[in-house]
>>> print(open('target04.cif').read())   # mmCIF, C-alpha atoms
data_my_file
#
loop_
_atom_site.label_atom_id
_atom_site.label_comp_id
_atom_site.auth_asym_id
_atom_site.auth_seq_id
_atom_site.Cartn_x
_atom_site.Cartn_y
_atom_site.Cartn_z
CA MET C 113 196.48 -98.01 8.17
CA PRO C 114 196.05 -99.39 11.70
CA PRO C 115 192.56 -99.60 13.22
CA PRO C 116 191.56 -96.97 15.78
CA PRO C 117 192.22 -97.85 19.41
CA GLN C 118 189.42 -99.73 21.11
CA THR C 119 188.01 -98.44 24.37
CA THR C 120 186.25 -100.51 26.99
CA ALA C 121 184.36 -97.62 28.58
CA GLY C 122 181.79 -97.17 25.80
CA GLY C 123 180.83 -93.64 26.79
CA SER C 124 178.49 -92.21 29.36
CA THR C 125 174.82 -93.03 29.72
CA PHE C 126 173.92 -89.75 28.03
CA ASP C 127 176.16 -90.63 25.08
CA LYS C 128 174.43 -93.98 24.76
CA MET C 129 171.03 -92.29 24.96
CA LYS C 130 172.02 -89.90 22.15
CA MET C 131 173.27 -92.79 20.03
CA GLY C 132 170.05 -94.73 20.60
CA ALA C 133 167.96 -91.70 19.68
CA PHE C 134 170.01 -91.15 16.51
CA MET C 135 169.78 -94.79 15.45
CA GLY C 136 166.06 -94.93 16.20
CA SER C 137 165.47 -91.72 14.27
CA CYS C 138 167.30 -93.08 11.24
CA VAL C 139 165.26 -96.28 11.32
CA GLY C 140 162.09 -94.24 11.85
CA LEU C 141 162.83 -92.03 8.86
CA THR C 142 163.30 -95.08 6.68
CA ILE C 143 160.16 -96.82 7.91
CA GLY C 144 158.19 -93.58 7.63
CA PHE C 145 159.35 -93.13 4.05
CA ILE C 146 158.30 -96.68 3.15
CA PHE C 147 154.90 -96.54 4.85
CA GLY C 148 154.27 -92.94 3.75
CA THR C 149 155.04 -93.74 0.14
CA PHE C 150 152.78 -96.78 0.29
CA SER C 151 149.99 -94.72 1.84
CA VAL C 152 150.33 -91.95 -0.75
CA MET C 153 150.30 -94.48 -3.57
CA ARG C 154 147.26 -96.25 -2.13
CA ALA C 155 145.07 -93.33 -1.03
CA GLY C 156 146.58 -90.31 -2.73
CA PRO C 157 148.42 -87.38 -1.18
CA GLY C 158 145.31 -85.72 0.25
CA PRO C 159 144.60 -82.00 0.53
CA ARG C 160 148.03 -81.10 2.00
CA GLY C 161 150.06 -82.42 -0.90
CA LEU C 162 152.66 -85.11 -1.44
CA VAL C 163 155.63 -83.59 0.40
CA ALA C 164 153.67 -82.57 3.50
CA THR C 165 151.97 -85.96 3.82
CA LEU C 166 155.19 -87.90 3.30
CA SER C 167 157.15 -85.68 5.70
CA GLN C 168 154.48 -86.08 8.38
CA TYR C 169 154.78 -89.88 8.16
CA MET C 170 158.56 -89.70 8.25
CA LEU C 171 158.87 -87.25 11.14
CA SER C 172 156.28 -88.90 13.35
CA SER C 173 157.85 -92.30 12.79
CA ALA C 174 161.36 -90.92 13.43
CA ALA C 175 160.26 -89.23 16.66
CA THR C 176 158.54 -92.39 17.93
CA PHE C 177 161.38 -94.77 17.06
CA GLY C 178 164.02 -92.36 18.36
CA PHE C 179 162.24 -91.87 21.67
CA PHE C 180 161.79 -95.56 22.38
CA MET C 181 165.25 -96.49 21.16
CA SER C 182 166.85 -93.90 23.44
CA ILE C 183 164.90 -95.25 26.42
CA GLY C 184 165.86 -98.80 25.48
CA SER C 185 169.54 -97.94 25.23
CA VAL C 186 169.47 -96.27 28.66
CA ILE C 187 167.76 -99.30 30.17
CA ARG C 188 170.32 -101.56 28.53
CA THR C 189 173.24 -99.55 29.91
CA GLU C 190 174.57 -101.39 32.91
CA SER C 191 177.37 -100.65 35.28
CA GLN C 192 179.98 -103.33 35.76
CA TYR C 193 179.21 -103.53 39.48
CA ALA C 194 175.52 -102.62 39.42
CA TYR C 195 174.34 -105.76 41.18
CA THR C 196 176.87 -106.14 43.97
CA LEU C 197 175.62 -107.05 47.40
CA PRO C 198 176.75 -105.54 50.67
CA PRO C 199 178.71 -107.82 53.01
CA ASN C 200 176.25 -109.65 55.20
CA SER C 201 178.14 -112.55 56.70
CA THR C 202 178.22 -112.74 60.48
CA ASN C 203 180.38 -115.82 60.96
CA GLY C 204 182.93 -115.11 58.20
CA LYS C 205 181.74 -117.97 55.96
CA ILE C 206 180.29 -117.19 52.56
CA SER C 207 178.02 -119.93 51.31
CA HIS C 208 175.34 -118.13 49.35
CA PRO C 209 176.09 -117.90 45.58
CA LEU C 210 175.33 -114.18 45.45
CA MET C 211 177.63 -113.53 48.37
CA MET C 212 180.39 -115.49 46.60
CA ALA C 213 179.85 -113.38 43.48
CA TRP C 214 180.03 -110.23 45.60
CA LYS C 215 183.30 -111.37 47.14
CA LYS C 216 184.78 -112.07 43.70
CA SER C 217 183.70 -108.65 42.42
CA GLU C 218 185.29 -106.99 45.47
CA GLU C 219 188.53 -108.88 44.86
CA ARG C 220 188.44 -107.84 41.19
CA ARG C 221 187.83 -104.22 42.19
CA LYS C 222 190.82 -104.29 44.56
CA MET C 223 193.03 -105.77 41.84
CA GLU C 224 191.97 -103.05 39.38
CA LYS C 225 192.98 -100.33 41.85
CA LEU C 226 196.53 -101.68 42.00
#
>>> encode(input="target04.cif", output="structure tokens")
Amino acid sequence: MPPPPQTTAGGSTFDKMKMGAFMGSCVGLTIGFIFGTFSVMRAGPGPRGLVATLSQYMLSSAATFGFFMSIGSVIRTESQYAYTLPPNSTNGKISHPLMMAWKKSEERRKMEKL
């Protein structure tokens, strides 16, 4: 069975935010289960009972991890040409390293359109 085709796009920013929230929620559920179980074993379930105490730990941890992981994945999402500079050469010569990088990215963009 051949592997599925690979894409270079990676999805939209919203897709990446959803994936980060899902991954963070899964990690948060696991961490909440571990810490909640430890807390229940150490101090007892309390007046609300075992299931309510454990689910509170798990849901609050999942919400926190999911929220911060979704923000982190949006921050990490970068466009290929996010840091290009506008042309700013008056005499036609490009000597600044950032201007040279801009020129290369413009040439690459023109080649991709062909």
>>> resolve_selection(input="target04.cif", expression="the PyMOL selection byres ((chain C and resi 120-134) around 9)", output="NGL selection string")
:C and (118-119 or 135-139 or 175 or 177-186 or 189-190)
>>> resolve_selection(input="target04.cif", expression="the PyMOL selection byres ((chain C and resi 149) around 12)", output="ChimeraX atom specification")
/C:141-148,150-157,162-170
>>> closest_residue(input="target04.cif", among="C:Lys225, C:Arg220, C:Pro209, C:Gly140", to="Ser172 in chain C", atoms="only C-alpha atoms")
C:Gly140
>>> atom_distance(input="target04.cif", atom1="CA of Thr176 in chain C", atom2="CA of Arg188 in chain C")
18.3 Å
>>> atom_distance(input="target04.cif", atom1="CA of Ile187 in chain C", atom2="CA of Lys222 in chain C")
27.6 Å
>>> atom_distance(input="target04.cif", atom1="CA of Pro159 in chain C", atom2="CA of Ala174 in chain C")
23.0 Å
